[in-house]
$ cat upload.pdb   # PDB, C-alpha atoms, pLDDT in the B column
ATOM      1  CA  MET A1497      -6.975   8.298 -19.984  1.00 86.00           C
ATOM      2  CA  SER A1498     -10.601   7.411 -19.336  1.00 93.00           C
ATOM      3  CA  ASP A1499     -12.033   6.850 -15.869  1.00 94.00           C
ATOM      4  CA  GLU A1500     -12.230   3.118 -16.598  1.00 95.00           C
ATOM      5  CA  GLN A1501      -8.572   3.027 -17.658  1.00 96.00           C
ATOM      6  CA  ASN A1502      -7.532   4.889 -14.497  1.00 97.00           C
ATOM      7  CA  LEU A1503      -9.529   2.473 -12.322  1.00 97.00           C
ATOM      8  CA  GLN A1504      -7.848  -0.456 -14.068  1.00 97.00           C
ATOM      9  CA  ARG A1505      -4.351   1.052 -13.706  1.00 97.00           C
ATOM     10  CA  VAL A1506      -4.840   1.411  -9.948  1.00 98.00           C
ATOM     11  CA  ALA A1507      -6.405  -2.067  -9.619  1.00 98.00           C
ATOM     12  CA  ASP A1508      -3.376  -3.433 -11.499  1.00 98.00           C
ATOM     13  CA  PHE A1509      -1.118  -1.567  -9.039  1.00 98.00           C
ATOM     14  CA  PHE A1510      -2.737  -3.314  -6.059  1.00 98.00           C
ATOM     15  CA  GLN A1511      -2.477  -6.660  -7.847  1.00 98.00           C
ATOM     16  CA  ALA A1512       1.203  -5.934  -8.545  1.00 97.00           C
ATOM     17  CA  MET A1513       1.761  -5.327  -4.818  1.00 96.00           C
ATOM     18  CA  THR A1514       0.075  -8.664  -4.043  1.00 96.00           C
ATOM     19  CA  ASP A1515       2.171 -10.402  -6.727  1.00 96.00           C
ATOM     20  CA  ARG A1516       5.335  -8.436  -5.819  1.00 94.00           C
ATOM     21  CA  ASN A1517       5.586  -7.389  -9.465  1.00 96.00           C
ATOM     22  CA  PHE A1518       8.104  -4.608  -8.973  1.00 96.00           C
ATOM     23  CA  ASP A1519       8.491  -4.051 -12.712  1.00 97.00           C
ATOM     24  CA  TYR A1520       4.860  -2.911 -12.842  1.00 97.00           C
ATOM     25  CA  ILE A1521       5.146  -0.914  -9.613  1.00 97.00           C
ATOM     26  CA  GLU A1522       8.238   0.911 -10.903  1.00 97.00           C
ATOM     27  CA  SER A1523       6.579   1.624 -14.256  1.00 97.00           C
ATOM     28  CA  PHE A1524       3.443   3.016 -12.563  1.00 98.00           C
ATOM     29  CA  LEU A1525       5.131   5.482 -10.188  1.00 98.00           C
ATOM     30  CA  ALA A1526       5.994   8.816 -11.821  1.00 99.00           C
ATOM     31  CA  PRO A1527       9.598  10.062 -11.425  1.00 98.00           C
ATOM     32  CA  ASP A1528       8.314  12.886  -9.165  1.00 98.00           C
ATOM     33  CA  HIS A1529       5.972  10.559  -7.222  1.00 99.00           C
ATOM     34  CA  GLN A1530       5.227  11.259  -3.560  1.00 99.00           C
ATOM     35  CA  PHE A1531       3.633   8.818  -1.106  1.00 98.00           C
ATOM     36  CA  PHE A1532       1.956  10.072   2.063  1.00 98.00           C
ATOM     37  CA  PHE A1533       1.863   7.200   4.573  1.00 91.00           C
ATOM     38  CA  PRO A1534       0.772   7.326   8.240  1.00 88.00           C
ATOM     39  CA  LEU A1535       3.888   5.497   9.489  1.00 84.00           C
ATOM     40  CA  SER A1536       6.236   8.039   7.867  1.00 89.00           C
ATOM     41  CA  PRO A1537       6.603  11.602   9.186  1.00 92.00           C
ATOM     42  CA  VAL A1538       7.550  12.855   5.711  1.00 96.00           C
ATOM     43  CA  PRO A1539       6.306  11.938   2.217  1.00 97.00           C
ATOM     44  CA  LEU A1540       8.231   9.108   0.568  1.00 98.00           C
ATOM     45  CA  ASN A1541       9.698   9.671  -2.878  1.00 98.00           C
ATOM     46  CA  ARG A1542       9.446   7.083  -5.643  1.00 98.00           C
ATOM     47  CA  ASP A1543      12.527   5.079  -4.602  1.00 98.00           C
ATOM     48  CA  ALA A1544      11.586   5.078  -0.908  1.00 97.00           C
ATOM     49  CA  HIS A1545       8.044   3.949  -1.751  1.00 97.00           C
ATOM     50  CA  ILE A1546       9.378   1.083  -3.872  1.00 96.00           C
ATOM     51  CA  GLY A1547      11.778   0.164  -1.054  1.00 95.00           C
ATOM     52  CA  MET A1548       8.958   0.106   1.473  1.00 92.00           C
ATOM     53  CA  ASN A1549       6.916  -2.189  -0.813  1.00 93.00           C
ATOM     54  CA  ARG A1550       9.913  -4.508  -1.135  1.00 94.00           C
ATOM     55  CA  GLU A1551      10.324  -4.563   2.670  1.00 92.00           C
ATOM     56  CA  PHE A1552       6.605  -5.217   3.112  1.00 89.00           C
ATOM     57  CA  GLY A1553       6.802  -8.138   0.666  1.00 90.00           C
ATOM     58  CA  VAL A1554       9.674  -9.706   2.622  1.00 92.00           C
ATOM     59  CA  SER A1555       8.017  -9.072   6.003  1.00 95.00           C
ATOM     60  CA  ILE A1556       4.611 -10.352   4.901  1.00 96.00           C
ATOM     61  CA  PRO A1557       5.359 -12.615   1.911  1.00 96.00           C
ATOM     62  CA  ASP A1558       1.766 -13.865   1.617  1.00 97.00           C
ATOM     63  CA  VAL A1559       0.336 -10.337   1.583  1.00 96.00           C
ATOM     64  CA  THR A1560      -2.925  -9.804  -0.279  1.00 97.00           C
ATOM     65  CA  TRP A1561      -4.298  -6.384  -1.181  1.00 97.00           C
ATOM     66  CA  GLN A1562      -8.068  -6.825  -1.434  1.00 98.00           C
ATOM     67  CA  ILE A1563     -10.119  -4.158  -3.229  1.00 99.00           C
ATOM     68  CA  ASP A1564     -13.647  -3.769  -1.866  1.00 98.00           C
ATOM     69  CA  ASP A1565     -14.642  -0.544  -3.624  1.00 98.00           C
ATOM     70  CA  GLN A1566     -13.177   1.949  -6.108  1.00 98.00           C
ATOM     71  CA  PHE A1567     -14.308   5.183  -7.676  1.00 97.00           C
ATOM     72  CA  VAL A1568     -12.886   8.065  -9.688  1.00 97.00           C
ATOM     73  CA  ALA A1569     -13.010  11.707  -8.595  1.00 95.00           C
ATOM     74  CA  GLY A1570     -11.407  13.906 -11.252  1.00 95.00           C
ATOM     75  CA  ASP A1571      -7.745  12.896 -11.567  1.00 97.00           C
ATOM     76  CA  LYS A1572      -7.899  10.702  -8.437  1.00 98.00           C
ATOM     77  CA  VAL A1573      -8.850   7.063  -7.879  1.00 99.00           C
ATOM     78  CA  VAL A1574     -10.112   6.190  -4.404  1.00 99.00           C
ATOM     79  CA  THR A1575      -9.827   2.583  -3.238  1.00 99.00           C
ATOM     80  CA  ARG A1576     -11.196   0.980  -0.069  1.00 98.00           C
ATOM     81  CA  GLY A1577     -10.099  -2.484   0.927  1.00 98.00           C
ATOM     82  CA  SER A1578      -8.060  -4.657   3.260  1.00 98.00           C
ATOM     83  CA  ILE A1579      -4.515  -5.933   3.538  1.00 97.00           C
ATOM     84  CA  SER A1580      -3.989  -9.427   4.931  1.00 97.00           C
ATOM     85  CA  GLY A1581      -1.092 -11.786   5.421  1.00 97.00           C
ATOM     86  CA  THR A1582       1.295 -13.323   7.949  1.00 98.00           C
ATOM     87  CA  HIS A1583       4.080 -11.324   9.617  1.00 97.00           C
ATOM     88  CA  GLN A1584       7.092 -13.545   8.809  1.00 96.00           C
ATOM     89  CA  GLY A1585       9.979 -11.043   8.697  1.00 95.00           C
ATOM     90  CA  ASP A1586      11.136  -7.790  10.277  1.00 92.00           C
ATOM     91  CA  PHE A1587       9.057  -4.744   9.358  1.00 87.00           C
ATOM     92  CA  GLN A1588      10.357  -1.283  10.222  1.00 83.00           C
ATOM     93  CA  GLY A1589      12.149  -2.601  13.293  1.00 88.00           C
ATOM     94  CA  VAL A1590       9.358  -4.946  14.413  1.00 91.00           C
ATOM     95  CA  PRO A1591      10.682  -8.530  14.489  1.00 93.00           C
ATOM     96  CA  ALA A1592       8.711 -11.335  12.843  1.00 95.00           C
ATOM     97  CA  SER A1593       5.827 -12.455  15.053  1.00 95.00           C
ATOM     98  CA  GLY A1594       4.178 -15.151  12.935  1.00 96.00           C
ATOM     99  CA  ASN A1595       0.897 -13.324  13.544  1.00 96.00           C
ATOM    100  CA  ALA A1596      -1.837 -13.142  10.945  1.00 97.00           C
ATOM    101  CA  MET A1597      -2.907  -9.596  10.154  1.00 96.00           C
ATOM    102  CA  ASN A1598      -5.868  -8.001   8.438  1.00 97.00           C
ATOM    103  CA  VAL A1599      -6.122  -4.222   8.235  1.00 96.00           C
ATOM    104  CA  LYS A1600      -8.620  -1.980   6.457  1.00 97.00           C
ATOM    105  CA  TYR A1601      -7.298   0.834   4.257  1.00 97.00           C
ATOM    106  CA  ILE A1602      -8.428   3.753   2.152  1.00 98.00           C
ATOM    107  CA  ASN A1603      -6.053   4.818  -0.602  1.00 98.00           C
ATOM    108  CA  ILE A1604      -6.116   7.775  -2.976  1.00 99.00           C
ATOM    109  CA  VAL A1605      -3.961   7.814  -6.112  1.00 99.00           C
ATOM    110  CA  GLN A1606      -3.605  10.983  -8.181  1.00 99.00           C
ATOM    111  CA  LEU A1607      -2.821  10.217 -11.810  1.00 98.00           C
ATOM    112  CA  ARG A1608      -1.113  12.218 -14.531  1.00 97.00           C
ATOM    113  CA  ASP A1609      -0.853  10.637 -17.987  1.00 95.00           C
ATOM    114  CA  GLY A1610      -1.631   7.240 -16.449  1.00 95.00           C
ATOM    115  CA  LEU A1611       1.123   7.490 -13.821  1.00 98.00           C
ATOM    116  CA  ASN A1612       0.822   7.697 -10.033  1.00 98.00           C
ATOM    117  CA  ILE A1613       2.124  11.165  -9.091  1.00 99.00           C
ATOM    118  CA  ASN A1614       0.728  11.384  -5.547  1.00 99.00           C
ATOM    119  CA  GLU A1615      -0.643   8.710  -3.258  1.00 99.00           C
ATOM    120  CA  TRP A1616      -2.225   8.929   0.174  1.00 98.00           C
ATOM    121  CA  ASP A1617      -2.797   5.906   2.424  1.00 97.00           C
ATOM    122  CA  SER A1618      -5.008   5.849   5.466  1.00 96.00           C
ATOM    123  CA  LEU A1619      -5.051   2.655   7.458  1.00 93.00           C
ATOM    124  CA  ASP A1620      -5.713   1.568  11.001  1.00 91.00           C
ATOM    125  CA  THR A1621      -2.074   1.814  12.087  1.00 90.00           C
ATOM    126  CA  LEU A1622      -2.830   1.050  15.751  1.00 92.00           C
ATOM    127  CA  SER A1623      -4.570  -2.203  14.844  1.00 93.00           C
ATOM    128  CA  PHE A1624      -1.796  -3.006  12.345  1.00 93.00           C
ATOM    129  CA  MET A1625       0.948  -2.544  14.952  1.00 92.00           C
ATOM    130  CA  GLN A1626      -1.076  -4.527  17.534  1.00 94.00           C
ATOM    131  CA  GLN A1627      -1.499  -7.391  15.085  1.00 94.00           C
ATOM    132  CA  LEU A1628       2.260  -7.395  14.424  1.00 92.00           C
ATOM    133  CA  GLY A1629       2.850  -7.546  18.184  1.00 92.00           C
ATOM    134  CA  ALA A1630       4.592  -4.149  18.357  1.00 92.00           C
ATOM    135  CA  VAL A1631       1.869  -2.570  20.532  1.00 91.00           C
ATOM    136  CA  PRO A1632      -0.067  -4.435  23.233  1.00 88.00           C
ATOM    137  CA  PRO A1633      -3.811  -4.790  22.635  1.00 82.00           C
ATOM    138  CA  PRO A1634      -6.212  -3.016  24.988  1.00 83.00           C
ATOM    139  CA  ARG A1635      -7.089  -4.789  28.210  1.00 83.00           C
TER     140      ARG A1635
END
$ encode --input "upload.pdb" --output "structure tokens"
Amino acid sequence: MSDEQNLQRVADFFQAMTDRNFDYIESFLAPDHQFFFPLSPVPLNRDAHIGMNREFGVSIPDVTWQIDDQFVAGDKVVTRGSISGTHQGDFQGVPASGNAMNVKYINIVQLRDGLNINEWDSLDTLSFMQQLGAVPPPR
């Protein structure tokens, strides 16, 4: 696939997460997909990654994945943006707070034949957990 097609595939993936279009998400993740996420001590496989996206969509039903910048580096697409929404349901043991959240992220997707085989997320997890009310803010 061309660089432009890879950029579009990843942009469509972020839109699918905003829209909770799990058909697209499932079709985009390769069977041997691995997701490296700061809140998980081990990489998530395809099914666990889909499950986490489902949980996120229930916890923050108005979630929006904003893309601020994207570029291609070989077989990888790098995306910088923000995630925003309202914490309305339990998320990984953190009860609903009703708090608005907005967190910056950097994401790298490695593609093979147009499919996401590896994905790395880097986000401000401390700020995220503070905004959810799981960690007190600094004094």
$ closest_residue --input "upload.pdb" --among "A:Asn1549, A:Gln1588, A:Asn1502, A:Asn1603" --to "Val1574 in chain A" --atoms "only C-alpha atoms"
A:Asn1603
$ atom_distance --input "upload.pdb" --atom1 "CA of Val1506 in chain A" --atom2 "CA of Gln1562 in chain A"
12.3 Å
$ resolve_selection --input "upload.pdb" --expression "the PyMOL selection byres ((chain A and resi 1524) around 6)" --output "list in words"
Ile1521, Glu1522, Ser1523, Leu1525, Leu1611 and Asn1612 of chain A
$ residues_around --input "upload.pdb" --residues "Ser1623 in chain A" --least-positions-apart "5" --cutoff "9 Å" --atoms "only C-alpha atoms" --output "PyMOL selection string"
chain A and resi 1597-1599+1628+1631+1633
$ residues_around --input "upload.pdb" --residues "Val1573 in chain A" --least-positions-apart "3" --cutoff "10 Å" --atoms "only C-alpha atoms" --output "list in words"
Asp1499, Asn1502, Leu1503, Gln1504, Arg1505, Val1506, Ala1507, Gln1566, Phe1567, Val1568, Ala1569, Gly1570, Asn1603, Ile1604, Val1605, Gln1606, Leu1607, Asn1612 and Glu1615 of chain A
$ closest_residue --input "upload.pdb" --among "A:Glu1551, A:Asp1528, A:Asp1620, A:Asp1558" --to "Gly1581 in chain A" --atoms "all atoms listed in the file"
A:Asp1558
$ resolve_selection --input "upload.pdb" --expression "the PyMOL selection byres ((chain A and resi 1547) around 12)" --output "ChimeraX atom specification"
/A:1516,1518,1521-1522,1531,1540-1546,1548-1554,1587-1588
$ residues_around --input "upload.pdb" --residues "range 1532-1537 of chain A" --least-positions-apart "3" --cutoff "8 Å" --atoms "all atoms listed in the file" --output "JSON, numbers by chain"
{"A": [1540, 1614, 1615, 1616, 1617, 1618, 1619, 1621]}
$ write_last_selection --input "upload.pdb" --atoms "C-alpha atoms" --output "PDB file, in the coordinates of the input"
ATOM      1  CA  LEU A1540       8.231   9.108   0.568  1.00 98.00           C
ATOM      2  CA  ASN A1614       0.728  11.384  -5.547  1.00 99.00           C
ATOM      3  CA  GLU A1615      -0.643   8.710  -3.258  1.00 99.00           C
ATOM      4  CA  TRP A1616      -2.225   8.929   0.174  1.00 98.00           C
ATOM      5  CA  ASP A1617      -2.797   5.906   2.424  1.00 97.00           C
ATOM      6  CA  SER A1618      -5.008   5.849   5.466  1.00 96.00           C
ATOM      7  CA  LEU A1619      -5.051   2.655   7.458  1.00 93.00           C
ATOM      8  CA  THR A1621      -2.074   1.814  12.087  1.00 90.00           C
TER       9      THR A1621
END
$ atom_distance --input "upload.pdb" --atom1 "CA of Thr1575 in chain A" --atom2 "CA of Ile1602 in chain A"
5.7 Å
$ atom_distance --input "upload.pdb" --atom1 "CA of Arg1576 in chain A" --atom2 "CA of Ile1556 in chain A"
20.1 Å
$ closest_residue --input "upload.pdb" --among "A:Asp1609, A:Ala1526, A:Ile1563, A:Asp1519" --to "Ser1498 in chain A" --atoms "all atoms listed in the file"
A:Asp1609
$ closest_residue --input "upload.pdb" --among "A:Lys1600, A:Arg1608, A:Phe1510, A:His1583" --to "Met1497 in chain A" --atoms "all atoms listed in the file"
A:Arg1608
$ axis_aligned_box --input "upload.pdb" --around "range 1512-1530 of chain A" --padding-each-side "6 Å" --output "AutoDock Vina command-line options"
--center_x 4.8 --center_y 1.2 --center_z -8.9 --size_x 21.5 --size_y 35.3 --size_z 22.7
$ closest_residue --input "upload.pdb" --among "A:Asp1508, A:Met1625, A:Ile1613, A:Arg1635" --to "Asp1571 in chain A" --atoms "all atoms listed in the file"
A:Ile1613
